[in-house]
Amino acid sequence: MANNSFTLEDDVVSINDHRSIPERLQILARNFWWTWNPQGQQIFRELSPLTWERSNHSAVDVLHDVSYTELSARLNDSDFLKKVQSVLDDFDSYMEAKDTWARRQSTKFSAPVAYFSAEFGFHESLPIYSGGLGVLSGDHTKSASDLGIPFIGISLLYRNGYFQQHIGADGWQQESYPHYDPVRLPLELVTKEAGGRLLNSVEIGHSTVHFQAWRLLVGRAVIYLLDTNLPENDQHFQGLTAHVYGGNVDTRIGQEIVLGVGGVRLLRSMQIEPAVFHMNEGHSAFLTLELLREQIKQGRDFQQAQAAVRARCIFTTHTPVPAGHDRFSSELLEHTLGRFWSDTGLNHDQLMAYGRINAGEQQELFTMTVLALKMSRAANGVSQLHGEVSREMWEELYPERKVNEVPIGHITNGIHTPSWATAKAHEFWNKRLGVDWTAKLIDTQYWSKLENGDIATDEELWALRYILRRDLVEFVRQRLRSQLLHSDTESSVTIDHALSPDALTICFARRFATYKRGPLIFRDLDLIIELVNHPDHPIQFVFAGKAHPRDNEGKRFMQRIVEIARHPQLVGKVVFIENYDMNVGRYLVSGADVWLNTPRRPLEASGTSGQKIVIHGGLNLSILDGWWREGFNGSNGWSIGEDISETDLELQDEKDSGSLYRTLTEQVIPEFYRRDAQGVPKAWIRRIRSAMRSLVPIYNTDRMVAEYVTRYYMPR
Ligand SMILES: *Cc1c(COP(=O)(O)O)cnc(C)c1O
């Protein structure tokens, strides 16, 4: 048996009694628990501030750079030692905790949940995510760990990650792909008990593609990242897992075979039999074909085999547009999966039938979402509206049912609040709510305490807003200065005075997918110029976001924003920050007074970035789409437009921007600047309180994962 077999929490023994502090620090650096523990981050930052910054906050990198001699010397500083010891003790008690949410549930897990996702966003130092889907997977994992659910994640190790973004002088996005050395990442190669890498393989076309796996620890959860970069493979396949969503359709299907089929084989090679296979989006749906093949090999007939697979799989869809779903041609499938499939004894038409709405429709492509839906015992969208849209979209698959009976439910997405709260927000709430506030995230009673000033006064909340806004302003100035180094467009004079720590700060950070309508706020540019330059009531904007490398329309949207940010009357007041990632995101979601969200309804399945601002006292100004359609209660932020989906796109833009301008000028700006004698905007703070009370205890991944457990994961 391999040494990696999954241990349930009962088997965890106290491992640290005999270890030295430097050894324990090495263990800590290799468990992403520290990414939601600000004191843990502080230790690594203090050890080497420059390496910490240069490595985009990598604890492993810091420990690479600090010699054992240096570390021992530093630990002779009793203040530092005390901090280190306290973090290590917190970490140990977290890892050994017995009184978890999962333990308190009546049904116990006998085996782990296996959660498959093409991307995971845990932290900026491990760039194996492109956007919201990855961040959601990462936050899901962290809450699964916090709640004490035995949890295994499966994904790919992308050695070149997702691209790094620079903006050229022409405002066009440029992409570069650094190489990430696994040795500098918190990863451990999975080995066999007898020693040596644990290798598995999948068939892709006529080739056998080998892969190894890297283990990543995220609190009590374990993630396995599959990697084909091996000398055993043809050159071509060595690069298969190099880039997040890289390459053409051949790369895409190859990656999905490694993820789905390979992921199951990896688990088998470690003797892991999960209680449930959770497919987060359709990319991993080939796993169901591997499970089917296993069942058939065990002698089940094809009906029984299919029933056995369905009994163990659940599926979450994220894409409300038909074009967003992976589809493959019959020829491509025959070519890439043919050899694998022949082992089942089923024919090609039977394979295609799994991915088609109409099995016999020869022209119909193979859709991963259809495969996932057919092979799952339960499926869900990620907000109430997205559930409705998904039921309509896949109605045809269930001809015997009415649309409201289509078996796709919804669980609204959340965020892992402790990861998104900045160190200063943690400090603020630790002091006022007590350090256990992060364990109370689903307690609505607890958060109702914020309704009045007993916990935090209006003045204190307003001070928090100033602290966080100032941090954003200074971060932006620093970033603009380094952006200046490789471009000749900004002048250093404007940079030192870019943004004002007093002005109403509106942030927009998104993938630049066109449906998110980044430039919508600038439809009436003259009005924006007037509002931004108002002598007493100015507003300012911070933008960030990447466009997919092949999305030229998205890049044009971004170019338009960059050009606006260079407009002589807007420069330094509308800014674009390059290279949006989780770190940039954390500054923006904490510094924003207002989080602007203008998707083309109903295309934002959920969205989560607006949930990250609430604990920092930010307010949402958003289209009634995704989570905000459920979260908005009339007093906890603002809506844009009505609760309808317009089909005339030009008309939709016209109506939504009109609504946005009215709300901005008639409500948002006046309320922000209406101050009492102490300079505090009373009505604004009331709105912040309403947001915290109503949104914090719902839009988080503790609530979300608990819902997955009780509705979908629990054995039935
Ligand atoms: C939260 C987050 C997202 C997802 O935000 P949306 O609201 O869904 O656009 C994407 N990228 C990063 C870096 C994030 O932190």
# chains A, B, ... in the order shown; residues from 1 in each chain; ligands from 1
$ residues_around --residues "His166 in chain A" --least-positions-apart "2" --cutoff "8 Å" --atoms "only C-alpha atoms" --output "PyMOL selection string"
chain A and resi 164+168+173-175+578-579
$ write_last_selection --atoms "N, CA, C and O atoms" --output "PDB file, in the first residue's frame"
ATOM      1  N   GLN A 164       0.886  35.828 -16.739  1.00  0.00           N
ATOM      2  CA  GLN A 164       1.122  37.107 -16.083  1.00  0.00           C
ATOM      3  C   GLN A 164       0.777  38.192 -17.091  1.00  0.00           C
ATOM      4  O   GLN A 164       1.121  38.086 -18.260  1.00  0.00           O
ATOM      5  N   GLY A 168       0.603  46.896 -22.721  1.00  0.00           N
ATOM      6  CA  GLY A 168       1.529  47.624 -23.583  1.00  0.00           C
ATOM      7  C   GLY A 168       1.158  49.096 -23.696  1.00  0.00           C
ATOM      8  O   GLY A 168       0.105  49.530 -23.225  1.00  0.00           O
ATOM      9  N   GLN A 173      -3.315  43.914 -23.940  1.00  0.00           N
ATOM     10  CA  GLN A 173      -2.784  42.956 -22.968  1.00  0.00           C
ATOM     11  C   GLN A 173      -1.655  42.120 -23.558  1.00  0.00           C
ATOM     12  O   GLN A 173      -1.784  41.590 -24.654  1.00  0.00           O
ATOM     13  N   GLN A 174      -0.566  41.997 -22.807  1.00  0.00           N
ATOM     14  CA  GLN A 174       0.514  41.087 -23.180  1.00  0.00           C
ATOM     15  C   GLN A 174       0.630  39.997 -22.131  1.00  0.00           C
ATOM     16  O   GLN A 174       0.437  40.260 -20.949  1.00  0.00           O
ATOM     17  N   GLU A 175       0.946  38.783 -22.603  1.00  0.00           N
ATOM     18  CA  GLU A 175       0.955  37.639 -21.694  1.00  0.00           C
ATOM     19  C   GLU A 175       2.333  37.021 -21.597  1.00  0.00           C
ATOM     20  O   GLU A 175       3.026  36.904 -22.597  1.00  0.00           O
ATOM     21  N   GLU A 578      -2.358  46.243 -13.199  1.00  0.00           N
ATOM     22  CA  GLU A 578      -2.058  45.051 -13.985  1.00  0.00           C
ATOM     23  C   GLU A 578      -2.053  43.792 -13.115  1.00  0.00           C
ATOM     24  O   GLU A 578      -1.818  43.850 -11.917  1.00  0.00           O
ATOM     25  N   ASN A 579      -2.229  42.676 -13.815  1.00  0.00           N
ATOM     26  CA  ASN A 579      -1.970  41.358 -13.237  1.00  0.00           C
ATOM     27  C   ASN A 579      -2.850  41.033 -12.023  1.00  0.00           C
ATOM     28  O   ASN A 579      -2.371  40.668 -10.955  1.00  0.00           O
TER      29      ASN A 579
END
$ residues_around --residues "range 377-388 of chain A" --least-positions-apart "5" --cutoff "9 Å" --atoms "only C-alpha atoms" --output "MDAnalysis selection string"
chainID A and resid 307 309:320 372 393 403:404 407:413 602:607 625:627 629:630 712
$ write_last_selection --atoms "C-alpha atoms" --output "short mmCIF file (atom, residue, chain, number, x, y, z; two decimals), in the first residue's frame"
data_model
loop_
_atom_site.label_atom_id
_atom_site.label_comp_id
_atom_site.auth_asym_id
_atom_site.auth_seq_id
_atom_site.Cartn_x
_atom_site.Cartn_y
_atom_site.Cartn_z
CA ALA A 307 -26.49 2.91 -11.92
CA VAL A 309 -21.62 5.24 -11.17
CA ARG A 310 -24.62 7.53 -10.83
CA ALA A 311 -25.03 6.56 -7.20
CA ARG A 312 -21.64 8.02 -6.40
CA CYS A 313 -21.36 11.17 -8.50
CA ILE A 314 -22.64 14.69 -8.09
CA PHE A 315 -22.16 17.61 -10.45
CA THR A 316 -22.06 21.39 -10.12
CA THR A 317 -22.56 23.44 -13.29
CA HIS A 318 -21.30 27.02 -13.48
CA THR A 319 -21.99 28.18 -17.00
CA PRO A 320 -25.27 29.85 -17.99
CA ALA A 372 -21.94 14.88 -16.14
CA MET A 393 -31.03 25.18 -20.67
CA VAL A 403 -39.08 22.57 -16.76
CA ASN A 404 -39.48 23.11 -13.02
CA PRO A 407 -33.38 17.69 -11.62
CA ILE A 408 -30.93 20.58 -11.27
CA GLY A 409 -31.13 22.40 -7.95
CA HIS A 410 -28.97 25.21 -6.67
CA ILE A 411 -26.55 25.99 -3.87
CA THR A 412 -25.49 29.60 -3.89
CA ASN A 413 -21.74 30.16 -3.87
CA PRO A 602 -28.52 36.38 -16.31
CA LEU A 603 -24.98 35.45 -17.33
CA GLU A 604 -23.25 35.83 -13.96
CA ALA A 605 -23.96 32.38 -12.58
CA SER A 606 -23.15 33.55 -9.06
CA GLY A 607 -20.12 35.83 -8.78
CA ASP A 625 -27.85 38.72 -11.08
CA GLY A 626 -26.22 35.69 -9.44
CA TRP A 627 -25.87 35.87 -5.67
CA ARG A 629 -30.32 38.89 -6.62
CA GLU A 630 -30.72 36.87 -3.40
CA TYR A 712 -25.58 16.00 -1.61
#
$ residues_around --residues "Pro519 in chain A" --least-positions-apart "5" --cutoff "8 Å" --atoms "only C-alpha atoms" --output "list in words"
Phe557, Met558, Arg560 and Ile561 of chain A
$ write_last_selection --atoms "all heavy atoms" --output "compact mmCIF listing (two decimals), in the first residue's frame"
# COMPACT_ATOMS: atom_id res chain seq x y z
N PHE A 557 -12.20 45.47 -24.66
CA PHE A 557 -12.87 46.10 -23.51
C PHE A 557 -11.84 46.65 -22.53
O PHE A 557 -11.94 47.76 -22.03
CB PHE A 557 -13.76 45.08 -22.79
CG PHE A 557 -15.16 44.98 -23.35
CD1 PHE A 557 -15.42 45.16 -24.70
CD2 PHE A 557 -16.24 44.71 -22.50
CE1 PHE A 557 -16.71 45.07 -25.20
CE2 PHE A 557 -17.53 44.61 -23.00
CZ PHE A 557 -17.77 44.79 -24.34
N MET A 558 -10.83 45.83 -22.28
CA MET A 558 -9.79 46.24 -21.34
C MET A 558 -9.01 47.43 -21.87
O MET A 558 -8.72 48.38 -21.15
CB MET A 558 -8.85 45.06 -21.11
CG MET A 558 -7.76 45.38 -20.12
SD MET A 558 -6.58 44.08 -20.04
CE MET A 558 -7.65 42.74 -20.00
N ARG A 560 -10.06 49.67 -23.77
CA ARG A 560 -10.90 50.86 -23.64
C ARG A 560 -10.75 51.45 -22.22
O ARG A 560 -10.60 52.66 -22.05
CB ARG A 560 -12.35 50.48 -23.93
CG ARG A 560 -13.40 51.47 -23.54
CD ARG A 560 -14.12 52.04 -24.77
NE ARG A 560 -15.14 53.03 -24.37
CZ ARG A 560 -14.94 54.33 -24.33
NH1 ARG A 560 -13.77 54.84 -24.69
NH2 ARG A 560 -15.90 55.15 -23.96
N ILE A 561 -10.75 50.60 -21.21
CA ILE A 561 -10.59 51.08 -19.83
C ILE A 561 -9.21 51.70 -19.65
O ILE A 561 -9.07 52.76 -19.02
CB ILE A 561 -10.74 49.90 -18.83
CG1 ILE A 561 -12.04 49.14 -19.06
CG2 ILE A 561 -10.57 50.38 -17.38
CD1 ILE A 561 -13.19 49.52 -18.25
$ residues_around --residues "Phe340 in chain A" --least-positions-apart "6" --cutoff "10 Å" --atoms "only C-alpha atoms" --output "list in words"
Val202, Glu203, Ile204, Gly205, His206, Val261, Leu289, Glu290, Arg293 and Glu334 of chain A
$ write_last_selection --atoms "N, CA, C and O atoms" --output "mmCIF file, in the first residue's frame"
data_model
loop_
_atom_site.group_PDB
_atom_site.id
_atom_site.type_symbol
_atom_site.label_atom_id
_atom_site.label_comp_id
_atom_site.auth_asym_id
_atom_site.auth_seq_id
_atom_site.Cartn_x
_atom_site.Cartn_y
_atom_site.Cartn_z
ATOM 1 N N VAL A 202 -2.671 7.259 -18.410
ATOM 2 C CA VAL A 202 -3.949 7.232 -19.137
ATOM 3 C C VAL A 202 -3.640 7.003 -20.612
ATOM 4 O O VAL A 202 -2.525 7.263 -21.063
ATOM 5 N N GLU A 203 -4.642 6.535 -21.353
ATOM 6 C CA GLU A 203 -4.479 6.381 -22.791
ATOM 7 C C GLU A 203 -5.052 7.632 -23.455
ATOM 8 O O GLU A 203 -6.189 8.017 -23.181
ATOM 9 N N ILE A 204 -4.242 8.253 -24.295
ATOM 10 C CA ILE A 204 -4.754 9.366 -25.093
ATOM 11 C C ILE A 204 -4.392 9.032 -26.535
ATOM 12 O O ILE A 204 -3.211 8.969 -26.881
ATOM 13 N N GLY A 205 -5.387 8.789 -27.359
ATOM 14 C CA GLY A 205 -5.114 8.320 -28.706
ATOM 15 C C GLY A 205 -4.364 7.001 -28.616
ATOM 16 O O GLY A 205 -4.732 6.118 -27.841
ATOM 17 N N HIS A 206 -3.255 6.884 -29.366
ATOM 18 C CA HIS A 206 -2.494 5.644 -29.319
ATOM 19 C C HIS A 206 -1.388 5.695 -28.286
ATOM 20 O O HIS A 206 -0.657 4.728 -28.105
ATOM 21 N N VAL A 261 -10.024 10.754 -15.896
ATOM 22 C CA VAL A 261 -9.636 9.342 -15.875
ATOM 23 C C VAL A 261 -8.413 9.162 -14.970
ATOM 24 O O VAL A 261 -8.373 8.281 -14.097
ATOM 25 N N LEU A 289 -16.620 7.990 -16.916
ATOM 26 C CA LEU A 289 -16.365 6.905 -17.872
ATOM 27 C C LEU A 289 -15.368 5.905 -17.290
ATOM 28 O O LEU A 289 -15.472 4.696 -17.518
ATOM 29 N N GLU A 290 -14.404 6.409 -16.537
ATOM 30 C CA GLU A 290 -13.455 5.501 -15.885
ATOM 31 C C GLU A 290 -14.173 4.670 -14.819
ATOM 32 O O GLU A 290 -13.938 3.466 -14.697
ATOM 33 N N ARG A 293 -16.072 2.055 -16.636
ATOM 34 C CA ARG A 293 -15.175 0.993 -17.119
ATOM 35 C C ARG A 293 -14.835 0.042 -15.963
ATOM 36 O O ARG A 293 -14.883 -1.181 -16.131
ATOM 37 N N GLU A 334 -13.410 9.777 -30.844
ATOM 38 C CA GLU A 334 -12.982 8.473 -31.362
ATOM 39 C C GLU A 334 -11.462 8.394 -31.341
ATOM 40 O O GLU A 334 -10.863 7.435 -30.881
#
$ select_by_dssp --residues "range 2-151 of chain A" --states "alpha helix (DSSP H)" --output "PyMOL selection string"
chain A and resi 21-29+38-47+49-54+59-65+68-74+78-96+101-104+132-147
$ residues_near_ligand --ligand "ligand 1" --cutoff "10 Å" --atoms "only C-alpha atoms and all ligand atoms" --output "VMD selection string"
chain A and resid 121 to 124 127 129 to 136 139 413 to 415 420 508 to 513 516 544 to 546 579 to 586 588 to 589 595 to 597 599 604 to 612 626 to 627
$ closest_atom_pairs --of "range 492-582 of chain A" --to "range 658-681 of chain A" --cutoff "8 Å" --atoms "only C-alpha atoms" --output "Markdown table"
| residue | atom | partner | partner_atom | distance |
| --- | --- | --- | --- | --- |
| A:Leu504 | CA | A:Phe672 | CA | 7.1 |
| A:Ile521 | CA | A:Leu660 | CA | 7.6 |
| A:His537 | CA | A:Tyr673 | CA | 6.6 |
| A:Ile539 | CA | A:Ile669 | CA | 7.8 |
$ write_last_selection --atoms "all heavy atoms" --output "compact mmCIF listing (two decimals), in the first residue's frame"
# COMPACT_ATOMS: atom_id res chain seq x y z
N LEU A 504 -14.63 58.79 -2.45
CA LEU A 504 -15.47 57.60 -2.62
C LEU A 504 -14.83 56.69 -3.67
O LEU A 504 -14.68 57.07 -4.83
CB LEU A 504 -16.88 58.02 -3.05
CG LEU A 504 -17.84 56.93 -3.53
CD1 LEU A 504 -18.04 55.86 -2.48
CD2 LEU A 504 -19.18 57.54 -3.91
N ILE A 521 -19.85 51.49 -17.21
CA ILE A 521 -19.88 52.71 -16.38
C ILE A 521 -19.42 53.94 -17.17
O ILE A 521 -19.74 55.07 -16.81
CB ILE A 521 -19.02 52.49 -15.10
CG1 ILE A 521 -19.00 53.72 -14.17
CG2 ILE A 521 -17.58 52.13 -15.42
CD1 ILE A 521 -20.14 53.83 -13.25
N HIS A 537 -17.31 66.41 -3.82
CA HIS A 537 -17.81 65.03 -3.72
C HIS A 537 -17.23 64.13 -4.81
O HIS A 537 -17.96 63.51 -5.57
CB HIS A 537 -19.35 65.02 -3.84
CG HIS A 537 -20.04 65.84 -2.81
ND1 HIS A 537 -21.31 66.32 -2.98
CD2 HIS A 537 -19.64 66.25 -1.59
CE1 HIS A 537 -21.67 67.01 -1.90
NE2 HIS A 537 -20.67 66.97 -1.04
N ILE A 539 -15.48 61.06 -6.92
CA ILE A 539 -15.40 59.61 -6.88
C ILE A 539 -14.14 59.18 -7.64
O ILE A 539 -13.60 59.97 -8.43
CB ILE A 539 -16.65 58.93 -7.51
CG1 ILE A 539 -16.81 59.29 -8.99
CG2 ILE A 539 -17.90 59.31 -6.73
CD1 ILE A 539 -17.95 58.54 -9.68
